[in-house]
$ cat query.cif   # mmCIF, N, CA, C and O atoms
data_run
loop_
_atom_site.label_atom_id
_atom_site.label_comp_id
_atom_site.auth_asym_id
_atom_site.auth_seq_id
_atom_site.Cartn_x
_atom_site.Cartn_y
_atom_site.Cartn_z
N MET A 1 21.51 -9.91 62.71
CA MET A 1 20.26 -10.61 62.91
C MET A 1 20.19 -11.83 62.00
O MET A 1 19.85 -12.90 62.44
N ARG A 2 20.48 -11.61 60.73
CA ARG A 2 20.41 -12.71 59.76
C ARG A 2 21.42 -13.80 60.09
O ARG A 2 21.12 -14.98 60.02
N LYS A 3 22.64 -13.38 60.47
CA LYS A 3 23.68 -14.35 60.82
C LYS A 3 23.26 -15.13 62.06
O LYS A 3 23.51 -16.32 62.17
N LEU A 4 22.62 -14.45 63.00
CA LEU A 4 22.16 -15.11 64.21
C LEU A 4 21.12 -16.17 63.87
O LEU A 4 21.18 -17.30 64.37
N LEU A 5 20.18 -15.83 63.01
CA LEU A 5 19.15 -16.79 62.62
C LEU A 5 19.74 -17.98 61.89
O LEU A 5 19.36 -19.12 62.12
N LEU A 6 20.70 -17.71 60.99
CA LEU A 6 21.34 -18.80 60.25
C LEU A 6 22.13 -19.71 61.18
O LEU A 6 22.10 -20.93 61.03
N SER A 7 22.81 -19.13 62.15
CA SER A 7 23.57 -19.97 63.08
C SER A 7 22.64 -20.81 63.94
O SER A 7 22.94 -21.96 64.25
N GLN A 8 21.49 -20.27 64.31
CA GLN A 8 20.52 -21.03 65.08
C GLN A 8 19.95 -22.18 64.25
O GLN A 8 19.73 -23.27 64.76
N LEU A 9 19.71 -21.92 62.96
CA LEU A 9 19.19 -22.97 62.10
C LEU A 9 20.20 -24.10 61.93
O LEU A 9 19.84 -25.27 61.89
N ARG A 10 21.47 -23.76 61.82
CA ARG A 10 22.51 -24.77 61.65
C ARG A 10 22.63 -25.65 62.89
O ARG A 10 22.93 -26.83 62.80
N LYS A 11 22.41 -25.05 64.06
CA LYS A 11 22.50 -25.81 65.31
C LYS A 11 21.28 -26.68 65.53
O LYS A 11 21.27 -27.52 66.41
N GLY A 12 20.24 -26.49 64.74
CA GLY A 12 19.04 -27.29 64.92
C GLY A 12 18.01 -26.59 65.79
O GLY A 12 16.96 -27.16 66.07
N CYS A 13 18.29 -25.40 66.22
CA CYS A 13 17.34 -24.66 67.05
C CYS A 13 16.36 -23.94 66.15
O CYS A 13 16.67 -23.56 65.02
N THR A 14 15.19 -23.73 66.66
CA THR A 14 14.23 -22.93 65.90
C THR A 14 14.54 -21.47 66.16
O THR A 14 14.78 -21.07 67.30
N PRO A 15 14.59 -20.66 65.10
CA PRO A 15 14.93 -19.25 65.29
C PRO A 15 13.77 -18.49 65.95
O PRO A 15 12.67 -18.45 65.44
N VAL A 16 14.07 -17.93 67.11
CA VAL A 16 13.07 -17.14 67.82
C VAL A 16 13.68 -15.77 68.05
O VAL A 16 14.71 -15.64 68.69
N ALA A 17 13.05 -14.76 67.50
CA ALA A 17 13.54 -13.41 67.66
C ALA A 17 12.55 -12.64 68.53
O ALA A 17 11.34 -12.82 68.42
N SER A 18 13.09 -11.79 69.36
CA SER A 18 12.21 -10.97 70.17
C SER A 18 11.56 -9.92 69.27
O SER A 18 11.99 -9.67 68.14
N GLY A 19 10.52 -9.31 69.76
CA GLY A 19 9.80 -8.32 68.97
C GLY A 19 10.66 -7.15 68.57
O GLY A 19 10.57 -6.64 67.46
N ASP A 20 11.55 -6.72 69.47
CA ASP A 20 12.43 -5.59 69.18
C ASP A 20 13.39 -5.91 68.03
O ASP A 20 13.62 -5.10 67.14
N GLU A 21 13.96 -7.12 68.07
CA GLU A 21 14.89 -7.52 67.01
C GLU A 21 14.18 -7.62 65.67
O GLU A 21 14.72 -7.22 64.64
N LEU A 22 12.97 -8.13 65.69
CA LEU A 22 12.20 -8.27 64.46
C LEU A 22 11.87 -6.91 63.86
O LEU A 22 12.02 -6.69 62.66
N VAL A 23 11.44 -5.98 64.70
CA VAL A 23 11.13 -4.63 64.22
C VAL A 23 12.39 -3.96 63.68
O VAL A 23 12.35 -3.31 62.62
N LYS A 24 13.51 -4.15 64.35
CA LYS A 24 14.77 -3.56 63.90
C LYS A 24 15.16 -4.12 62.54
O LYS A 24 15.55 -3.38 61.63
N TYR A 25 15.05 -5.44 62.36
CA TYR A 25 15.41 -6.08 61.10
C TYR A 25 14.51 -5.60 59.96
O TYR A 25 14.99 -5.24 58.88
N ILE A 26 13.21 -5.57 60.20
CA ILE A 26 12.27 -5.12 59.16
C ILE A 26 12.53 -3.67 58.81
O ILE A 26 12.50 -3.29 57.64
N THR A 27 12.79 -2.84 59.81
CA THR A 27 13.07 -1.42 59.56
C THR A 27 14.33 -1.24 58.73
O THR A 27 14.36 -0.44 57.79
N GLU A 28 15.38 -2.01 59.05
CA GLU A 28 16.63 -1.91 58.27
C GLU A 28 16.39 -2.30 56.82
O GLU A 28 16.88 -1.65 55.91
N ARG A 29 15.65 -3.38 56.60
CA ARG A 29 15.36 -3.82 55.23
C ARG A 29 14.56 -2.77 54.47
O ARG A 29 14.83 -2.47 53.31
N PHE A 30 13.57 -2.19 55.13
CA PHE A 30 12.72 -1.19 54.50
C PHE A 30 13.51 0.07 54.16
O PHE A 30 13.39 0.61 53.05
N VAL A 31 14.34 0.52 55.08
CA VAL A 31 15.13 1.73 54.84
C VAL A 31 16.12 1.50 53.70
O VAL A 31 16.27 2.37 52.82
N SER A 32 16.78 0.34 53.67
CA SER A 32 17.72 0.09 52.58
C SER A 32 16.99 0.01 51.25
O SER A 32 17.50 0.45 50.22
N PHE A 33 15.78 -0.53 51.24
CA PHE A 33 14.98 -0.59 50.02
C PHE A 33 14.61 0.81 49.55
O PHE A 33 14.72 1.13 48.37
N MET A 34 14.20 1.67 50.48
CA MET A 34 13.78 3.01 50.11
C MET A 34 14.96 3.88 49.68
O MET A 34 14.79 4.81 48.89
N GLU A 35 16.15 3.60 50.18
CA GLU A 35 17.32 4.40 49.84
C GLU A 35 17.88 4.07 48.46
O GLU A 35 18.55 4.90 47.85
N THR A 36 17.63 2.88 47.96
CA THR A 36 18.13 2.53 46.63
C THR A 36 17.27 3.21 45.57
O THR A 36 16.04 3.23 45.69
N PRO A 37 17.90 3.78 44.55
CA PRO A 37 17.13 4.43 43.50
C PRO A 37 16.24 3.45 42.74
O PRO A 37 16.55 2.26 42.63
N LYS A 38 15.14 3.95 42.22
CA LYS A 38 14.17 3.10 41.53
C LYS A 38 14.79 2.44 40.30
O LYS A 38 14.52 1.28 40.00
N GLU A 39 15.65 3.18 39.58
CA GLU A 39 16.28 2.62 38.39
C GLU A 39 17.18 1.44 38.73
O GLU A 39 17.25 0.46 38.00
N GLU A 40 17.89 1.54 39.85
CA GLU A 40 18.78 0.46 40.26
C GLU A 40 17.99 -0.80 40.61
O GLU A 40 18.38 -1.91 40.28
N ARG A 41 16.86 -0.63 41.28
CA ARG A 41 16.02 -1.78 41.61
C ARG A 41 15.47 -2.42 40.34
O ARG A 41 15.42 -3.65 40.22
N ARG A 42 15.06 -1.62 39.38
CA ARG A 42 14.55 -2.16 38.11
C ARG A 42 15.65 -2.89 37.35
O ARG A 42 15.43 -3.95 36.77
N ARG A 43 16.84 -2.30 37.34
CA ARG A 43 17.97 -2.91 36.64
C ARG A 43 18.32 -4.25 37.27
O ARG A 43 18.63 -5.23 36.59
N LYS A 44 18.23 -4.34 38.58
CA LYS A 44 18.53 -5.58 39.28
C LYS A 44 17.53 -6.67 38.90
O LYS A 44 17.90 -7.82 38.71
N ASN A 45 16.26 -6.31 38.73
CA ASN A 45 15.26 -7.29 38.34
C ASN A 45 15.42 -7.71 36.88
O ASN A 45 15.10 -8.85 36.53
N GLN A 46 15.87 -6.82 36.02
CA GLN A 46 16.02 -7.15 34.62
C GLN A 46 17.18 -8.09 34.37
O GLN A 46 17.19 -8.83 33.38
N LEU A 47 18.16 -8.11 35.25
CA LEU A 47 19.34 -8.93 35.06
C LEU A 47 19.14 -10.37 35.51
O LEU A 47 20.04 -11.19 35.41
N LYS A 48 17.95 -10.70 36.01
CA LYS A 48 17.70 -12.06 36.47
C LYS A 48 17.74 -13.03 35.29
O LYS A 48 17.23 -12.74 34.22
N GLU A 49 18.33 -14.19 35.55
CA GLU A 49 18.34 -15.22 34.52
C GLU A 49 17.02 -15.98 34.59
O GLU A 49 16.37 -16.01 35.63
N PRO A 50 16.62 -16.60 33.50
CA PRO A 50 15.38 -17.37 33.52
C PRO A 50 15.43 -18.48 34.56
O PRO A 50 16.50 -19.05 34.83
N TRP A 51 14.28 -18.81 35.13
CA TRP A 51 14.25 -19.82 36.20
C TRP A 51 14.73 -21.18 35.71
O TRP A 51 15.33 -21.93 36.46
N SER A 52 14.48 -21.49 34.44
CA SER A 52 14.90 -22.79 33.94
C SER A 52 16.42 -22.90 33.92
O SER A 52 16.99 -23.96 34.24
N GLU A 53 17.10 -21.82 33.55
CA GLU A 53 18.56 -21.84 33.57
C GLU A 53 19.09 -21.83 35.00
O GLU A 53 20.11 -22.45 35.29
N LYS A 54 18.41 -21.14 35.87
CA LYS A 54 18.85 -21.07 37.26
C LYS A 54 18.78 -22.44 37.92
O LYS A 54 19.69 -22.84 38.64
N TRP A 55 17.72 -23.19 37.66
CA TRP A 55 17.53 -24.48 38.32
C TRP A 55 18.21 -25.63 37.59
O TRP A 55 18.65 -26.59 38.22
N PHE A 56 18.27 -25.57 36.27
CA PHE A 56 18.76 -26.72 35.52
C PHE A 56 19.99 -26.44 34.68
O PHE A 56 20.43 -27.30 33.93
N GLY A 57 20.53 -25.23 34.71
CA GLY A 57 21.74 -24.91 33.98
C GLY A 57 21.52 -24.84 32.48
O GLY A 57 20.55 -24.29 31.99
N MET A 58 22.41 -25.44 31.72
CA MET A 58 22.37 -25.36 30.26
C MET A 58 21.51 -26.46 29.63
O MET A 58 21.34 -26.48 28.41
N ILE A 59 20.97 -27.35 30.41
CA ILE A 59 20.18 -28.46 29.86
C ILE A 59 18.97 -27.95 29.06
O ILE A 59 18.75 -28.41 27.93
N PRO A 60 18.16 -27.01 29.56
CA PRO A 60 17.02 -26.54 28.77
C PRO A 60 17.44 -25.90 27.45
O PRO A 60 16.79 -26.10 26.43
N LEU A 61 18.54 -25.17 27.47
CA LEU A 61 19.03 -24.55 26.24
C LEU A 61 19.44 -25.62 25.24
O LEU A 61 19.10 -25.54 24.05
N GLY A 62 20.15 -26.63 25.70
CA GLY A 62 20.56 -27.71 24.81
C GLY A 62 19.38 -28.45 24.22
O GLY A 62 19.36 -28.78 23.02
N LEU A 63 18.37 -28.72 25.05
CA LEU A 63 17.17 -29.40 24.55
C LEU A 63 16.43 -28.54 23.52
O LEU A 63 15.92 -29.06 22.53
N THR A 64 16.37 -27.24 23.76
CA THR A 64 15.72 -26.34 22.82
C THR A 64 16.44 -26.34 21.49
O THR A 64 15.82 -26.40 20.42
N LEU A 65 17.77 -26.29 21.52
CA LEU A 65 18.55 -26.31 20.28
C LEU A 65 18.38 -27.63 19.54
O LEU A 65 18.26 -27.65 18.31
N MET A 66 18.34 -28.74 20.27
CA MET A 66 18.13 -30.04 19.64
C MET A 66 16.74 -30.11 18.99
O MET A 66 16.59 -30.64 17.89
N LYS A 67 15.76 -29.57 19.66
CA LYS A 67 14.40 -29.58 19.13
C LYS A 67 14.32 -28.78 17.83
O LYS A 67 13.70 -29.19 16.86
N ARG A 68 14.96 -27.61 17.84
CA ARG A 68 14.97 -26.78 16.62
C ARG A 68 15.66 -27.51 15.47
O ARG A 68 15.22 -27.48 14.34
N GLN A 69 16.77 -28.16 15.80
CA GLN A 69 17.56 -28.83 14.77
C GLN A 69 16.77 -30.01 14.18
O GLN A 69 16.76 -30.20 12.97
N THR A 70 16.10 -30.79 15.00
CA THR A 70 15.33 -31.91 14.49
C THR A 70 14.11 -31.43 13.71
O THR A 70 13.69 -32.08 12.77
N GLY A 71 13.56 -30.29 14.08
CA GLY A 71 12.43 -29.72 13.34
C GLY A 71 12.84 -29.30 11.94
O GLY A 71 12.09 -29.48 10.98
N LYS A 72 14.04 -28.76 11.80
CA LYS A 72 14.53 -28.34 10.49
C LYS A 72 14.81 -29.56 9.62
O LYS A 72 14.60 -29.53 8.40
N GLU A 73 15.30 -30.64 10.20
CA GLU A 73 15.59 -31.86 9.44
C GLU A 73 14.32 -32.50 8.91
O GLU A 73 14.29 -33.05 7.81
N LYS A 74 13.25 -32.44 9.69
CA LYS A 74 11.97 -33.02 9.25
C LYS A 74 11.37 -32.23 8.09
O LYS A 74 10.70 -32.78 7.25
N GLN A 75 11.62 -30.92 8.03
CA GLN A 75 11.06 -30.09 6.97
C GLN A 75 11.75 -30.37 5.65
O GLN A 75 11.16 -30.18 4.60
N LYS A 76 12.97 -30.83 5.65
CA LYS A 76 13.74 -31.05 4.42
C LYS A 76 13.29 -32.26 3.70
O LYS A 76 12.64 -33.11 3.81
#

$ encode --input "query.cif" --output "structure tokens"
Amino acid sequence: MRKLLLSQLRKGCTPVASGDELVKYITERFVSFMETPKEERRRKNQLKEPWSEKWFGMIPLGLTLMKRQTGKEKQK
């Protein structure tokens, strides 16, 4: 289902799914969600990287380190 929708989007077509396909897709997602243990779902959420690193890479970290370094120099 997902591959079908992606292929339709690439072709420029608007993805139109029949009601049966939509119910099947939602049911599959729900069943797979319910079958995964709660601890595994929590662990998956905890491993997420911060959004700033996800979108901008190491730039925010570098800026933070520079800010700390310049703050220490001003105190001296």

$ atom_distance --input "query.cif" --atom1 "atom N of Phe33 in chain A" --atom2 "atom O of Lys54 in chain A"
25.9 Å

$ atom_distance --input "query.cif" --atom1 "atom C of Arg42 in chain A" --atom2 "atom N of Ile26 in chain A"
23.1 Å

$ atom_distance --input "query.cif" --atom1 "atom O of Thr64 in chain A" --atom2 "CA of Ser52 in chain A"
14.0 Å
